[in-house]
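Source file: query-v3.csv (CSV, C-alpha atoms)
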```csv
chain,number,residue,atom,x,y,z
B,1,PHE,CA,86.7,-4.0,-23.6
B,2,ASP,CA,88.8,-1.1,-22.4
B,3,TYR,CA,91.8,-1.8,-20.3
B,4,LYS,CA,94.6,-0.2,-18.3
B,5,ALA,CA,97.7,-2.3,-17.5
B,6,THR,CA,100.5,-1.8,-15.0
B,7,ILE,CA,103.9,-3.4,-14.3
B,8,ASN,CA,104.7,-3.7,-10.6
B,9,GLY,CA,101.9,-1.2,-10.0
B,10,LYS,CA,103.2,1.4,-12.4
B,11,ASN,CA,101.7,2.6,-15.7
B,12,PHE,CA,103.8,1.9,-18.9
B,13,GLU,CA,103.8,3.1,-22.5
B,14,GLY,CA,101.2,1.2,-24.6
B,15,GLY,CA,99.5,-0.1,-21.4
B,16,GLU,CA,96.1,1.3,-22.2
B,17,GLY,CA,93.5,0.4,-24.8
B,18,LYS,CA,90.0,1.4,-25.8
B,19,ASN,CA,87.3,-0.7,-27.5
B,20,THR,CA,89.7,-3.7,-27.9
B,21,GLN,CA,88.2,-6.7,-29.6
B,22,ILE,CA,89.4,-10.3,-29.3
B,23,VAL,CA,88.0,-13.7,-30.3
B,24,LEU,CA,88.1,-16.0,-27.3
B,25,GLY,CA,89.7,-19.4,-27.8
B,26,GLN,CA,92.4,-18.3,-30.2
B,27,ASP,CA,94.8,-16.7,-27.6
B,28,LEU,CA,96.0,-14.1,-30.2
B,29,PHE,CA,96.0,-11.1,-27.9
B,30,ILE,CA,98.6,-12.1,-25.2
B,31,LYS,CA,99.2,-15.8,-24.3
B,32,GLY,CA,97.0,-16.8,-21.4
B,33,PHE,CA,94.7,-13.7,-21.7
B,34,ASP,CA,91.7,-15.5,-23.2
B,35,LYS,CA,91.5,-18.1,-20.4
B,36,GLN,CA,91.4,-15.5,-17.7
B,37,ILE,CA,88.8,-13.2,-19.4
B,38,SER,CA,86.5,-16.0,-20.4
B,39,GLY,CA,83.2,-16.1,-18.5
B,40,SER,CA,83.0,-12.3,-18.2
B,41,LYS,CA,79.7,-10.4,-18.3
B,42,LYS,CA,78.9,-7.1,-19.9
B,43,ASN,CA,79.9,-4.1,-17.7
B,44,GLN,CA,81.9,-6.4,-15.5
B,45,GLU,CA,85.5,-5.4,-14.4
B,46,LYS,CA,88.0,-8.2,-14.8
B,47,THR,CA,91.6,-8.5,-13.7
B,48,VAL,CA,94.0,-10.4,-15.9
B,49,GLU,CA,97.7,-11.1,-15.1
B,50,VAL,CA,99.9,-12.2,-18.0
B,51,VAL,CA,103.6,-12.0,-19.2
B,52,LEU,CA,104.1,-9.6,-22.0
B,53,PRO,CA,105.4,-11.3,-25.2
B,54,GLU,CA,109.1,-11.3,-26.0
B,55,ASN,CA,108.5,-9.3,-29.2
B,56,TYR,CA,106.6,-6.5,-27.4
B,57,PRO,CA,107.2,-3.3,-29.3
B,58,ASN,CA,109.0,-1.6,-26.4
B,59,LYS,CA,111.8,-4.1,-25.5
B,60,GLU,CA,112.0,-2.4,-22.0
B,61,PHE,CA,108.8,-4.2,-21.1
B,62,SER,CA,109.1,-7.5,-23.0
B,63,SER,CA,108.8,-10.6,-20.9
B,64,LYS,CA,107.5,-8.6,-17.9
B,65,LYS,CA,104.5,-9.6,-15.9
B,66,ALA,CA,101.6,-7.1,-16.3
B,67,LYS,CA,98.3,-6.7,-14.6
B,68,PHE,CA,95.3,-5.7,-16.9
B,69,ILE,CA,92.2,-4.1,-15.4
B,70,CYS,CA,89.6,-4.7,-18.1
B,71,LYS,CA,86.1,-3.2,-18.4
B,72,ILE,CA,83.9,-5.4,-20.5
B,73,LEU,CA,81.9,-3.3,-22.9
B,74,ASN,CA,80.2,-5.9,-25.0
B,75,ILE,CA,80.0,-9.6,-25.7
B,76,LYS,CA,79.1,-11.1,-29.1
B,77,LYS,CA,78.5,-14.7,-30.2
B,78,GLY,CA,79.9,-15.9,-33.5
B,79,GLU,CA,77.6,-17.3,-36.1
B,80,LYS,CA,78.3,-20.1,-38.5
B,81,VAL,CA,78.8,-19.0,-42.1
B,82,GLU,CA,79.1,-20.9,-45.3
B,83,VAL,CA,82.6,-21.0,-46.8
B,84,ASN,CA,82.1,-19.9,-50.4
B,85,ASP,CA,83.0,-17.2,-52.9
B,86,LYS,CA,80.7,-14.6,-51.1
B,87,LEU,CA,82.6,-15.1,-47.9
B,88,ALA,CA,85.9,-14.7,-49.7
B,89,GLN,CA,84.7,-11.5,-51.3
B,90,ASN,CA,83.7,-10.1,-47.9
B,91,LEU,CA,87.2,-10.8,-46.8
B,92,GLY,CA,88.7,-8.8,-49.7
B,93,SER,CA,89.4,-11.7,-52.2
B,94,LYS,CA,88.1,-12.3,-55.7
B,95,ASP,CA,86.8,-15.8,-54.9
B,96,LEU,CA,87.4,-18.8,-52.6
B,97,ASP,CA,90.4,-20.1,-54.5
B,98,ASP,CA,92.0,-16.6,-54.3
B,99,LEU,CA,91.4,-16.6,-50.5
B,100,ARG,CA,92.9,-20.0,-50.1
B,101,GLU,CA,96.0,-19.0,-52.0
B,102,LYS,CA,96.4,-15.9,-49.8
B,103,ILE,CA,96.1,-17.9,-46.6
B,104,THR,CA,98.5,-20.5,-47.9
B,105,LYS,CA,101.1,-17.8,-48.6
B,106,GLN,CA,100.6,-16.2,-45.2
B,107,ILE,CA,101.1,-19.5,-43.4
B,108,GLN,CA,104.2,-20.3,-45.4
B,109,THR,CA,105.6,-16.8,-44.7
B,110,GLU,CA,104.9,-17.3,-40.9
B,111,TYR,CA,106.7,-20.6,-40.9
B,112,ARG,CA,109.6,-19.3,-42.9
B,113,ASN,CA,110.1,-16.3,-40.7
B,114,THR,CA,110.0,-18.4,-37.5
B,115,LEU,CA,112.5,-20.9,-38.9
B,116,ASN,CA,114.8,-18.1,-40.1
B,117,ASN,CA,114.9,-17.0,-36.4
B,118,PHE,CA,116.6,-20.3,-35.6
B,119,THR,CA,119.4,-19.3,-37.9
B,120,LYS,CA,119.6,-15.9,-36.3
B,121,LYS,CA,119.8,-17.4,-32.8
B,122,GLU,CA,122.5,-19.7,-33.7
B,123,ILE,CA,124.5,-16.9,-35.3
B,124,LEU,CA,124.2,-14.9,-32.1
B,125,ASP,CA,125.3,-17.9,-30.1
B,126,GLN,CA,128.4,-18.1,-32.2
B,127,LEU,CA,129.1,-14.4,-31.6
B,128,GLU,CA,128.9,-15.1,-27.8
B,129,ASN,CA,131.8,-17.5,-28.3
B,130,PHE,CA,133.9,-14.8,-30.0
B,131,LYS,CA,137.2,-14.0,-28.3
B,132,ASP,CA,136.8,-11.9,-25.1
B,133,PHE,CA,137.6,-8.3,-25.0
B,134,LYS,CA,137.4,-5.6,-22.4
B,135,ILE,CA,134.0,-4.0,-21.9
B,136,PRO,CA,133.7,-0.5,-20.4
B,137,GLN,CA,132.3,-0.7,-16.8
B,138,SER,CA,129.9,2.2,-17.6
B,139,LEU,CA,128.2,0.1,-20.4
B,140,ILE,CA,127.9,-2.9,-18.1
B,141,GLU,CA,126.2,-0.9,-15.3
B,142,THR,CA,123.8,0.7,-17.8
B,143,GLU,CA,122.9,-2.7,-19.2
B,144,VAL,CA,122.4,-4.3,-15.8
B,145,SER,CA,120.1,-1.3,-15.0
B,146,VAL,CA,118.0,-2.1,-18.1
B,147,LEU,CA,117.9,-5.8,-17.3
B,148,THR,CA,116.7,-5.3,-13.7
B,149,GLN,CA,114.2,-2.5,-14.3
B,150,GLY,CA,111.0,-3.3,-12.5
B,151,MET,CA,112.5,-6.0,-10.3
B,152,GLN,CA,112.3,-6.0,-6.6
B,153,LYS,CA,115.6,-5.4,-4.6
B,154,GLU,CA,115.7,-8.9,-3.3
B,155,GLU,CA,115.3,-10.4,-6.7
B,156,ILE,CA,118.1,-8.1,-8.1
B,157,GLU,CA,120.5,-9.1,-5.3
B,158,LYS,CA,119.6,-12.8,-5.7
B,159,ASN,CA,120.4,-12.8,-9.4
B,160,LYS,CA,123.2,-10.3,-9.3
B,161,ASN,CA,125.9,-12.6,-10.9
B,162,LYS,CA,123.5,-13.9,-13.6
B,163,ASN,CA,122.4,-10.4,-14.5
B,164,LEU,CA,126.0,-9.3,-14.7
B,165,GLU,CA,126.9,-12.2,-17.1
B,166,HIS,CA,123.8,-11.6,-19.2
B,167,ALA,CA,124.6,-7.9,-19.4
B,168,LYS,CA,128.2,-8.6,-20.6
B,169,LYS,CA,126.9,-11.0,-23.3
B,170,ARG,CA,124.4,-8.5,-24.6
B,171,ILE,CA,126.9,-5.8,-24.8
B,172,LYS,CA,129.5,-8.0,-26.4
B,173,ILE,CA,127.1,-9.1,-29.1
B,174,ALA,CA,125.9,-5.6,-29.6
B,175,LEU,CA,129.4,-4.2,-30.1
B,176,ILE,CA,130.4,-6.9,-32.5
B,177,LEU,CA,127.2,-6.4,-34.6
B,178,ASN,CA,127.6,-2.7,-34.5
B,179,GLU,CA,131.2,-3.0,-35.8
B,180,LEU,CA,130.0,-5.2,-38.6
B,181,GLY,CA,127.3,-2.7,-39.5
B,182,GLU,CA,129.6,0.3,-39.5
B,183,LYS,CA,132.3,-1.5,-41.6
B,184,ASN,CA,129.7,-2.4,-44.2
B,185,ASN,CA,128.0,1.0,-44.1
B,186,LEU,CA,124.6,-0.4,-43.2
B,187,LYS,CA,121.9,2.0,-42.3
B,188,VAL,CA,118.1,2.0,-41.6
B,189,SER,CA,116.2,4.3,-43.9
B,190,GLU,CA,113.0,6.2,-43.0
B,191,GLU,CA,111.2,4.1,-45.5
B,192,GLU,CA,112.3,0.8,-44.0
B,193,LEU,CA,111.3,2.0,-40.5
B,194,ASN,CA,107.8,3.1,-41.7
B,195,ASN,CA,107.3,-0.1,-43.6
B,196,GLU,CA,108.0,-2.1,-40.5
B,197,ILE,CA,105.5,0.0,-38.5
B,198,VAL,CA,102.9,-0.6,-41.1
B,199,LYS,CA,103.6,-4.3,-41.2
B,200,GLN,CA,103.1,-4.5,-37.4
B,201,ALA,CA,99.8,-2.6,-37.7
B,202,GLN,CA,98.6,-4.9,-40.4
B,203,MET,CA,99.2,-7.9,-38.2
B,204,MET,CA,96.8,-6.5,-35.6
B,205,PRO,CA,94.1,-4.7,-37.7
B,206,ASP,CA,91.9,-4.1,-34.6
B,207,GLN,CA,94.6,-2.0,-33.1
B,208,ALA,CA,96.3,-0.7,-36.2
B,209,LYS,CA,95.7,3.0,-35.4
B,210,GLN,CA,96.8,2.6,-31.8
B,211,ILE,CA,100.1,0.9,-32.9
B,212,ILE,CA,100.9,3.7,-35.5
B,213,GLU,CA,100.1,6.4,-32.9
B,214,TYR,CA,102.2,4.6,-30.3
B,215,TYR,CA,105.3,4.8,-32.5
B,216,LYS,CA,104.5,8.4,-33.5
B,217,LYS,CA,104.3,9.5,-29.8
B,218,ASN,CA,107.1,7.3,-28.4
B,219,SER,CA,110.6,8.1,-29.7
B,220,SER,CA,112.1,5.4,-27.5
B,221,ALA,CA,109.9,2.7,-29.0
B,222,THR,CA,110.7,3.9,-32.5
B,223,SER,CA,114.4,3.8,-31.6
B,224,ASN,CA,114.1,0.3,-30.4
B,225,LEU,CA,112.3,-0.8,-33.6
B,226,GLN,CA,115.0,0.9,-35.6
B,227,GLY,CA,117.7,-1.0,-33.6
B,228,ARG,CA,115.9,-4.4,-34.4
B,229,ILE,CA,115.8,-3.6,-38.1
B,230,TYR,CA,119.5,-2.7,-38.0
B,231,GLU,CA,120.3,-5.9,-36.3
B,232,ASP,CA,118.3,-7.9,-38.8
B,233,LYS,CA,120.2,-6.2,-41.7
B,234,ILE,CA,123.5,-7.2,-40.1
B,235,ILE,CA,122.3,-10.8,-39.6
B,236,ALA,CA,121.3,-10.9,-43.2
B,237,LEU,CA,124.8,-9.8,-44.2
B,238,ILE,CA,126.3,-12.6,-42.1
B,239,LYS,CA,124.0,-15.1,-43.7
B,240,LYS,CA,124.9,-13.8,-47.2
B,241,LYS,CA,128.7,-14.1,-46.5
B,242,ALA,CA,128.5,-17.5,-44.7
B,243,LYS,CA,128.3,-20.9,-46.3
B,244,SER,CA,124.9,-22.3,-45.7
B,245,ASN,CA,123.2,-25.7,-46.2
B,246,LYS,CA,119.5,-25.7,-47.2
B,247,LYS,CA,117.1,-28.3,-46.1
B,248,VAL,CA,113.4,-28.8,-47.0
B,249,LEU,CA,111.1,-29.4,-44.1
B,250,SER,CA,107.6,-30.8,-44.0
B,251,ILE,CA,105.0,-28.9,-42.0
B,252,LYS,CA,105.2,-31.5,-39.2
B,253,GLU,CA,108.9,-31.2,-39.0
B,254,ALA,CA,108.7,-27.4,-38.9
B,255,GLU,CA,106.0,-27.5,-36.2
B,256,LYS,CA,108.1,-29.8,-34.1
B,257,LEU,CA,111.0,-27.4,-34.2
B,258,ILE,CA,108.8,-24.3,-33.5
B,259,ILE,CA,107.0,-25.9,-30.6
B,260,GLY,CA,110.2,-27.2,-29.1
B,261,ASP,CA,111.8,-23.7,-29.4
B,262,ALA,CA,108.7,-22.0,-27.9
B,263,LYS,CA,109.0,-24.3,-24.8
B,264,GLU,CA,112.7,-23.5,-24.5
B,265,ASN,CA,112.1,-19.8,-24.7
B,266,GLN,CA,109.3,-20.0,-22.1
B,267,LYS,CA,111.7,-21.8,-19.8
B,268,ASP,CA,114.4,-19.2,-20.4
B,269,SER,CA,112.1,-16.2,-19.8
B,270,SER,CA,110.7,-17.6,-16.6
B,271,SER,CA,114.1,-18.2,-15.0
B,272,SER,CA,116.2,-15.4,-16.4
B,273,LYS,CA,116.6,-12.8,-19.1
B,274,THR,CA,118.8,-13.9,-21.9
B,275,VAL,CA,119.8,-12.5,-25.2
B,276,THR,CA,119.6,-15.7,-27.2
B,277,SER,CA,118.2,-19.2,-26.9
B,278,LYS,CA,120.5,-21.8,-25.3
B,279,LYS,CA,119.0,-24.5,-27.5
B,280,THR,CA,121.6,-26.5,-29.4
B,281,SER,CA,120.6,-28.9,-32.0
B,282,LYS,CA,121.2,-30.2,-35.5
B,283,ILE,CA,119.9,-27.0,-37.0
B,284,ASN,CA,123.1,-25.2,-36.3
B,285,LYS,CA,124.3,-23.0,-39.1
B,286,LYS,CA,121.5,-24.1,-41.5
B,287,THR,CA,119.0,-22.0,-43.4
B,288,LYS,CA,115.6,-23.5,-43.6
B,289,LYS,CA,113.0,-23.7,-46.4
B,290,VAL,CA,109.5,-25.0,-45.9
B,291,SER,CA,107.9,-27.3,-48.4
B,292,LYS,CA,104.4,-26.5,-49.6
B,293,LYS,CA,101.8,-28.7,-47.9
```
Write-out of the structure in structure tokens:
Amino acid sequence: FDYKATINGKNFEGGEGKNTQIVLGQDLFIKGFDKQISGSKKNQEKTVEVVLPENYPNKEFSSKKAKFICKILNIKKGEKVEVNDKLAQNLGSKDLDDLREKITKQIQTEYRNTLNNFTKKEILDQLENFKDFKIPQSLIETEVSVLTQGMQKEEIEKNKNKNLEHAKKRIKIALILNELGEKNNLKVSEEELNNEIVKQAQMMPDQAKQIIEYYKKNSSATSNLQGRIYEDKIIALIKKKAKSNKKVLSIKEAEKLIIGDAKENQKDSSSSKTVTSKKTSKINKKTKKVSKK
């Protein structure tokens, strides 16, 4: 399908796609998208309303509600295939064992990355508790403007105090992280930036070209991505310097933590915009490793 998306009736960067393909039932495009587009017919126009993911490439639009006008171009039905060496070779592997090994590594990496985010969130929570210092009013006003972009006037006024507090927290954390980065001479190289763009493109092969072109044409999106990489390097430095306790988790234990955190994030994003998760648990200050299933 082709689509054009808007936020509060306005077009936004990355809000248009051509010949986009999704497999219904997996909900891999945007959460809630599959359910709304199911039952469509060829050449039909379908309207879908979803909340953009928190990790949307352009942070300006993350967690915002978007309306997608979709033109259905074609519908295909999946066919059952035999899981054997031939299938594995068609998917770029030497044989079935090789494919299984690759999938196992991919799943382990996904679990590890998700669980490492817990540590990052807890570190950011600790930075929030750092001693207070005076923040320039101009920075606060700019951050409030970013937080409330796309909101209705009534909504902005209603959440005025909350937005002000969130803005102060975001700036406070950003200033502390930036100070750590500068003192330790941390920088983001062109190679690191390009590698991250390629990694994002590989995660969505059907839209790989669009993702790469998006970053080429949008300096603000590239700048946001560079900022995220820079933040991750600072967090990695904090982890390296801090004393950590390692714990091996089973797949079920890991899933329980991930699902619980996803529900907490969904609750947070629906009620307000926050920098970090408010979840507090026994995983404070711990780095996780996932055991092989």
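The smallest atom-to-atom distance between Ser63 of chain B and any of B:Lys160, B:Lys94, B:Lys31, B:Arg228, using all atoms listed in the file, is found for B:Lys31.
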Task: Non-local contacts of Gln200 of chain B (10 Å; only C-alpha atoms; under 5 positions in same chain excluded) as an MDAnalysis selection string - done: chainID B and resid 57 194:195 205 207:208 211:212
Can you spit out the residues from that selection as a CSV table (one decimal), in the frame of the given file, using C-alpha atoms?
```csv
chain,number,residue,atom,x,y,z
B,57,PRO,CA,107.2,-3.3,-29.3
B,194,ASN,CA,107.8,3.1,-41.7
B,195,ASN,CA,107.3,-0.1,-43.6
B,205,PRO,CA,94.1,-4.7,-37.7
B,207,GLN,CA,94.6,-2.0,-33.1
B,208,ALA,CA,96.3,-0.7,-36.2
B,211,ILE,CA,100.1,0.9,-32.9
B,212,ILE,CA,100.9,3.7,-35.5
```
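For the residues B:Lys80, B:Lys240, B:Lys246, B:Lys233, ranking by smallest atom-to-atom distance to Asn178 of chain B using only C-alpha atoms places B:Lys233 first.
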TODO: In Å, rounded to a single decimal, give me how far atom CA of Leu52 of chain B is from atom CA of Ser223 of chain B.
DONE: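 One can read the atom CA of Ser223 of chain B to atom CA of Leu52 of chain B distance as 19.4 Å.
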TODO: Choose the residue, out of B:Lys256, B:Lys65, B:Lys131, B:Lys243, that has the smallest atom-to-atom separation from Ala5 of chain B; count only C-alpha atoms.
DONE: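 Selected residue with least distance to Ala5 of chain B: B:Lys65.
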- [ ] Would you list the contacts of Ile235 of chain B as a PyMOL selection string, taking every protein, DNA or RNA residue within 12 Å and counting all atoms listed in the file, but skipping same-chain residues closer than 3 positions in sequence?
- [x] chain B and resi 116-124+127+173-174+176-178+180-181+186+228-232+238-242
Task: Nearest-residue call for Gln210 of chain B, choices B:Val198, B:Leu147, B:Ile72, B:Leu28, using all atoms listed in the file - done: B:Val198
Open item on the list: What does the structure give for the distance between atom CA of Gln149 of chain B and atom CA of Glu60 of chain B, in Å to one decimal?
Closed with: 8.0 Å
Kindly provide the residues of segment 211-254 of chain B that approach segment 9-23 of chain B to within 10 Å, each paired with its closest atom pair and their distance in Å to one decimal, based on all atoms listed in the file, listed by chain and increasing number, as a tab-separated table.
```
residue	atom	partner	partner_atom	distance
B:Ile211	CA	B:Gly14	CA	8.4
B:Glu213	CA	B:Gly14	CA	9.9
B:Tyr214	CA	B:Gly14	CA	6.7
B:Tyr215	CA	B:Gly14	CA	9.6
B:Lys217	CA	B:Glu13	CA	9.7
B:Asn218	CA	B:Glu13	CA	8.0
B:Ser220	CA	B:Glu13	CA	10.0
B:Ala221	CA	B:Glu13	CA	8.9
```
Write the residues of the preceding selection, restricted to C-alpha atoms, as a PDB file, in the frame of the given file.
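For reference, again21.pdb as written:
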```pdb
ATOM      1  CA  ILE B 211     100.100   0.900 -32.900  1.00  0.00           C
ATOM      2  CA  GLU B 213     100.100   6.400 -32.900  1.00  0.00           C
ATOM      3  CA  TYR B 214     102.200   4.600 -30.300  1.00  0.00           C
ATOM      4  CA  TYR B 215     105.300   4.800 -32.500  1.00  0.00           C
ATOM      5  CA  LYS B 217     104.300   9.500 -29.800  1.00  0.00           C
ATOM      6  CA  ASN B 218     107.100   7.300 -28.400  1.00  0.00           C
ATOM      7  CA  SER B 220     112.100   5.400 -27.500  1.00  0.00           C
ATOM      8  CA  ALA B 221     109.900   2.700 -29.000  1.00  0.00           C
TER       9      ALA B 221
END
```
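Take atom CA of Lys216 of chain B and atom CA of Ile197 of chain B: the distance between them is 9.8 Å.
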